[in-house]
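**Q** For reference, this is coords-v4.txt, and it has compact mmCIF, C-alpha atoms and all ligand atoms.
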# COMPACT_ATOMS: atom_id res chain seq x y z
CA MET A 1 41.53 35.90 -10.99
CA VAL A 2 39.50 34.40 -8.24
CA ALA A 3 36.21 32.55 -8.50
CA MET A 4 33.29 33.50 -6.30
CA ALA A 5 33.91 32.46 -2.72
CA LYS A 6 30.80 30.34 -2.84
CA PHE A 7 27.86 29.68 -5.12
CA LEU A 8 24.61 27.80 -5.11
CA CYS A 9 24.63 24.32 -6.60
CA THR A 10 21.74 23.31 -8.85
CA CYS A 11 20.42 21.30 -5.87
CA GLY A 12 20.29 24.44 -3.72
CA ALA A 13 23.21 23.63 -1.44
CA VAL A 14 26.10 26.04 -1.02
CA VAL A 15 29.38 25.06 -2.69
CA ARG A 16 32.38 26.76 -1.06
CA VAL A 17 35.16 27.64 -3.45
CA SER A 18 37.27 29.42 -0.88
CA GLY A 19 37.53 29.04 2.87
CA ASP A 20 39.44 26.28 4.58
CA ILE A 21 42.83 25.44 3.10
CA PRO A 22 43.00 22.66 2.17
CA ASN A 23 39.38 22.84 1.04
CA PRO A 24 37.62 19.55 1.87
CA PHE A 25 35.28 20.02 -1.10
CA GLU A 26 37.95 20.77 -3.65
CA TRP A 27 39.43 18.18 -5.99
CA LEU A 28 42.44 18.68 -8.19
CA LEU A 29 42.59 17.14 -11.66
CA ILE A 30 45.42 16.70 -14.07
CA SER A 31 45.37 15.12 -17.51
CA ASP A 32 47.42 12.03 -18.07
CA VAL A 33 49.34 13.86 -20.80
CA LYS A 34 50.31 16.72 -18.47
CA TYR A 35 51.17 14.35 -15.66
CA ASP A 36 53.41 12.39 -17.99
CA GLU A 37 55.53 15.50 -18.50
CA PHE A 38 56.64 15.24 -14.87
CA THR A 39 59.51 12.90 -14.13
CA GLY A 40 61.72 12.25 -11.16
CA PRO A 41 61.26 14.25 -7.97
CA VAL A 42 58.31 16.56 -8.51
CA ASP A 43 57.92 20.07 -7.18
CA ALA A 44 54.54 20.14 -5.46
CA GLN A 45 53.98 23.79 -6.32
CA GLU A 46 54.74 23.19 -9.98
CA LEU A 47 52.41 20.21 -10.09
CA TYR A 48 49.69 22.25 -8.37
CA GLY A 49 50.06 24.91 -11.05
CA GLU A 50 49.07 22.38 -13.71
CA MET A 51 46.01 21.19 -11.85
CA THR A 52 42.42 21.95 -12.77
CA HIS A 53 40.24 22.94 -9.82
CA ALA A 54 36.98 21.12 -9.22
CA PHE A 55 34.48 21.43 -6.38
CA ARG A 56 32.10 18.71 -5.32
CA CYS A 57 28.74 19.50 -3.80
CA ASP A 58 28.59 17.42 -0.65
CA ALA A 59 24.79 17.33 -0.73
CA CYS A 60 24.15 15.98 -4.23
CA GLY A 61 27.54 14.85 -5.55
CA ARG A 62 27.60 17.29 -8.49
CA LEU A 63 31.06 18.23 -9.61
CA TRP A 64 31.85 21.78 -10.76
CA VAL A 65 35.02 21.83 -12.84
CA TYR A 66 36.90 25.04 -13.69
CA TRP A 67 38.37 23.75 -16.94
CA ASN A 68 39.44 27.21 -18.04
CA GLY A 69 40.72 28.42 -14.70
CA LEU A 70 38.98 30.02 -11.77
CA GLY A 71 38.28 33.16 -13.78
CA GLU A 72 35.66 31.49 -15.95
CA PRO A 73 32.42 29.75 -15.04
CA PRO A 74 32.74 26.05 -14.14
CA ALA A 75 31.23 23.15 -16.05
CA GLU A 76 28.58 21.17 -14.18
CA TYR A 77 28.62 17.38 -13.93
CA SER A 78 25.79 15.49 -12.33
CA PRO A 79 26.15 11.96 -10.96
CA GLY A 80 22.76 11.23 -12.52
CA SER A 81 19.59 9.97 -10.93
CA GLY A 82 19.39 7.25 -8.34
CA CYS A 83 22.02 6.76 -5.71
CA LEU A 84 25.07 6.51 -7.91
CA HIS A 85 26.72 9.37 -6.05
CA MET A 86 26.57 7.35 -2.84
CA SER A 87 29.64 5.53 -4.06
CA LEU A 88 31.61 8.76 -4.23
CA PRO A 89 33.90 9.58 -1.33
CA ARG A 90 32.15 11.72 1.24
CA ASN A 91 33.69 14.18 3.63
CA SER A 92 31.18 13.60 6.37
CA PRO A 93 30.89 10.39 8.41
CA ALA A 94 29.33 7.44 6.62
CA LEU A 95 25.56 7.29 6.90
CA ASP A 96 23.89 4.25 8.37
CA GLU A 97 21.39 2.27 6.30
CA ASP A 98 18.32 4.25 7.38
CA ALA A 99 19.97 7.63 6.89
CA LEU A 100 21.22 6.45 3.51
CA ALA A 101 17.67 5.47 2.52
CA ALA A 102 16.56 8.96 3.56
CA ARG A 103 19.38 10.59 1.58
CA THR A 104 18.56 8.56 -1.51
CA ALA A 105 14.89 9.55 -1.29
CA VAL A 106 15.84 13.24 -0.93
CA VAL A 107 18.13 13.04 -3.96
CA ARG A 108 15.26 11.51 -5.93
CA GLY A 109 13.13 14.51 -5.07
CA ALA A 110 11.02 13.24 -2.16
CA SER A 111 9.62 15.84 0.24
CA LEU A 112 10.59 15.79 3.89
CA ASP A 113 7.16 14.36 4.78
CA GLU A 114 7.53 11.60 2.22
CA VAL A 115 10.94 10.71 3.61
CA ALA A 116 9.55 10.71 7.15
CA ARG A 117 6.80 8.28 6.08
CA LEU A 118 9.37 6.11 4.35
CA LEU A 119 11.24 5.84 7.65
CA VAL A 120 8.33 5.25 10.01
CA GLU A 121 6.04 3.22 7.76
CA ASP A 122 8.13 1.40 5.16
CA ARG A 123 11.17 0.91 7.34
CA GLY A 124 9.21 0.62 10.58
CA LEU A 125 11.48 2.86 12.63
CA GLU A 126 10.56 4.08 16.10
CA PRO A 127 10.21 7.88 16.35
CA ILE A 128 13.65 8.63 17.77
CA PRO A 129 15.70 6.53 15.30
CA ALA A 130 13.52 7.98 12.53
CA VAL A 131 14.32 11.53 13.63
CA LYS A 132 18.04 10.71 13.70
CA ALA A 133 17.95 9.11 10.25
CA LEU A 134 15.96 12.02 8.81
CA ARG A 135 18.27 14.58 10.39
CA SER A 136 21.49 13.11 9.01
CA GLY A 137 20.02 11.75 5.76
CA ALA A 138 18.19 14.91 4.73
CA GLU A 139 20.69 17.23 6.45
CA VAL A 140 18.03 19.23 8.27
CA ARG A 141 17.96 20.68 11.75
CA LEU A 142 16.96 18.43 14.62
CA LEU A 143 13.73 20.34 15.24
CA THR A 144 12.77 20.18 11.55
CA ALA A 145 13.38 16.43 11.50
CA LYS A 146 11.44 15.97 14.72
CA GLU A 147 8.43 17.87 13.41
CA ALA A 148 8.43 16.01 10.10
CA VAL A 149 8.58 12.61 11.80
CA HIS A 150 5.94 13.66 14.30
CA ARG A 151 3.54 14.78 11.54
CA ASN A 152 3.84 11.43 9.84
CA LEU A 153 3.63 9.02 12.74
CA PRO A 154 0.74 6.57 12.87
CA ASP A 155 -1.76 7.86 15.51
CA ARG A 156 -0.97 5.29 18.17
CA ILE A 157 2.77 5.91 18.05
CA ARG A 158 2.25 9.66 17.89
CA LEU A 159 0.43 9.66 21.24
CA GLU A 160 3.19 7.61 22.84
CA ALA A 161 5.84 9.86 21.36
CA GLU A 162 4.10 13.02 22.51
CA GLN A 163 4.08 11.67 26.03
CA LEU A 164 7.73 10.66 25.86
CA TRP A 165 8.83 14.00 24.42
CA ASP A 166 6.81 15.89 27.04
CA GLU A 167 8.52 13.92 29.74
CA THR A 168 11.93 14.46 28.20
CA ALA A 169 11.28 18.19 27.86
CA THR A 170 10.09 18.63 31.43
CA GLY A 171 12.73 16.32 32.84
CA ARG A 172 10.11 14.11 34.45
CA GLU A 173 11.06 10.51 34.70
CA VAL A 174 8.95 7.80 33.16
CA PRO A 175 7.44 5.91 36.12
CA PRO A 176 8.74 2.36 36.32
CA GLY A 177 6.47 -0.34 34.96
CA ILE A 178 4.85 1.87 32.33
ZN ZN A 201 24.39 20.02 -5.10
Please express what this file holds, its structure, as structure tokens.
Ligand SMILES: [Zn+2]

**A**
Amino acid sequence: MVAMAKFLCTCGAVVRVSGDIPNPFEWLLISDVKYDEFTGPVDAQELYGEMTHAFRCDACGRLWVYWNGLGEPPAEYSPGSGCLHMSLPRNSPALDEDALAARTAVVRGASLDEVARLLVEDRGLEPIPAVKALRSGAEVRLLTAKEAVHRNLPDRIRLEAEQLWDETATGREVPPGI
């Protein structure tokens, strides 16, 4: 019996049940009672056979545990509201403080525009660091992050940013002294 290769988490992200071996999103559980039955040198395969398979959504931290084997639907465990799940081990590189603030806001249900405003207004980030933080924190494409930040920039900064991005896009250099 094999579980679906992937399914949608409650948060909307894809949870991969099969794919890479070892699966970076899979966790193996064993009860203390079962583990206690093993003594001396342990056969890895035998130990594996006693394990319960669980899959962690990398986006929201939910854990999906196949208590009754991969042939039956998993139980869902949520890390709860707030940023509790931030303390869970992550498979991707650690987020910096700004990206973490963005991630926390996303988990709490903020829209991309709200997160962009949080970065540029509340945290006072310049456009480019804000785009980077939004991209890694909200796990969106670079262009999506760029547009969201751009939409939410204060007018003065938006004009400067437009000029800078135009110059970057056309490869023109910024004249010295400006
Ligand atoms: Zn999720």

**Q** Can you tell me how far CA of Gly49 (chain A) sits from CA of Arg16 (chain A), in Å to one decimal?

**A**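 Here the two named atoms are 20.4 Å from each other.
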
**Q** Between A:Leu63, A:Glu160, A:Leu153, A:Asp58, single out the one closest to Val14 (chain A), counting all atoms listed in the file.

**A** A:Asp58

**Q** Residues of chain A within 9 Å of ligand ZN 201 (chain A): nearest atom pair and distance (Å, one decimal) for each, counting all atoms listed in the file, sorted by chain and number, as a Markdown table?

**A**
| residue | atom | partner | partner_atom | distance |
| --- | --- | --- | --- | --- |
| A:Leu8 | CA | A:ZN201 | ZN | 7.8 |
| A:Cys9 | CA | A:ZN201 | ZN | 4.6 |
| A:Thr10 | CA | A:ZN201 | ZN | 5.6 |
| A:Cys11 | CA | A:ZN201 | ZN | 4.2 |
| A:Gly12 | CA | A:ZN201 | ZN | 6.2 |
| A:Ala13 | CA | A:ZN201 | ZN | 5.3 |
| A:Val14 | CA | A:ZN201 | ZN | 7.5 |
| A:Val15 | CA | A:ZN201 | ZN | 7.5 |
| A:Arg56 | CA | A:ZN201 | ZN | 7.8 |
| A:Cys57 | CA | A:ZN201 | ZN | 4.6 |
| A:Asp58 | CA | A:ZN201 | ZN | 6.6 |
| A:Ala59 | CA | A:ZN201 | ZN | 5.1 |
| A:Cys60 | CA | A:ZN201 | ZN | 4.1 |
| A:Gly61 | CA | A:ZN201 | ZN | 6.1 |
| A:Arg62 | CA | A:ZN201 | ZN | 5.4 |
| A:Leu63 | CA | A:ZN201 | ZN | 8.2 |
| A:Ser78 | CA | A:ZN201 | ZN | 8.6 |

**Q** Those same residues, written as a CSV table (one decimal), in the coordinates of the input with C-alpha atoms?

**A**
chain,number,residue,atom,x,y,z
A,8,LEU,CA,24.6,27.8,-5.1
A,9,CYS,CA,24.6,24.3,-6.6
A,10,THR,CA,21.7,23.3,-8.8
A,11,CYS,CA,20.4,21.3,-5.9
A,12,GLY,CA,20.3,24.4,-3.7
A,13,ALA,CA,23.2,23.6,-1.4
A,14,VAL,CA,26.1,26.0,-1.0
A,15,VAL,CA,29.4,25.1,-2.7
A,56,ARG,CA,32.1,18.7,-5.3
A,57,CYS,CA,28.7,19.5,-3.8
A,58,ASP,CA,28.6,17.4,-0.6
A,59,ALA,CA,24.8,17.3,-0.7
A,60,CYS,CA,24.2,16.0,-4.2
A,61,GLY,CA,27.5,14.8,-5.6
A,62,ARG,CA,27.6,17.3,-8.5
A,63,LEU,CA,31.1,18.2,-9.6
A,78,SER,CA,25.8,15.5,-12.3

**Q** Between A:Asp32, A:Asp20, A:Asp113, A:Asp96, which residue has the minimum interatomic distance to Ala133 (chain A), considering only C-alpha atoms?

**A**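 Residue with the minimum atom-to-atom distance to Ala133 (chain A): A:Asp96.
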
**Q** What's the 8 Å shell around Glu26 (chain A), counting all atoms listed in the file, without same-chain residues fewer than 3 positions away, as a PyMOL selection string?

**A** chain A and resi 17+22-23+53-56

**Q** With distances taken over all atoms listed in the file, which residue among A:Glu50, A:Val140, A:Leu100, A:Leu125 lies nearest Phe38 (chain A)?

**A**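 Going through A:Glu50, A:Val140, A:Leu100, A:Leu125 one by one, the smallest distance to Phe38 (chain A) is for A:Glu50.
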
**Q** Ala130 (chain A): which residues within 10 Å, counting all atoms listed in the file, same-chain residues fewer than 3 positions away excluded, as a list in words?

**A**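 With the cut-off at 10 Å, the set is Asp98, Ala99, Ala102, Val115, Ala116, Arg117, Leu118, Leu119, Val120, Arg123, Gly124, Leu125, Glu126, Pro127, Ala133, Leu134, Arg135, Ala145, Lys146, Ala148, Val149, His150 and Leu153 of chain A.
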
**Q** Can you measure CA of Pro79 (chain A) to CA of Asp36 (chain A) for me? One decimal in Å is fine.

**A**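 Distance reported for this atom pair: 28.2 Å.
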
**Q** Expressed in Å to a single decimal, how great is the separation between CA of Ala105 (chain A) and CA of Ala5 (chain A)?

**A**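 For CA of Ala105 (chain A) relative to CA of Ala5 (chain A), the distance reads 29.8 Å.
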
**Q** Would you place a box with edges along x, y and z of the file around all atoms of region 130-148 of chain A listed there, add 6 Å to each of its six sides, and report the centre and edge lengths in Å to one decimal, as AutoDock Vina command-line options?

**A**
--center_x 15.0 --center_y 14.3 --center_z 10.0 --size_x 25.1 --size_y 24.7 --size_z 22.5
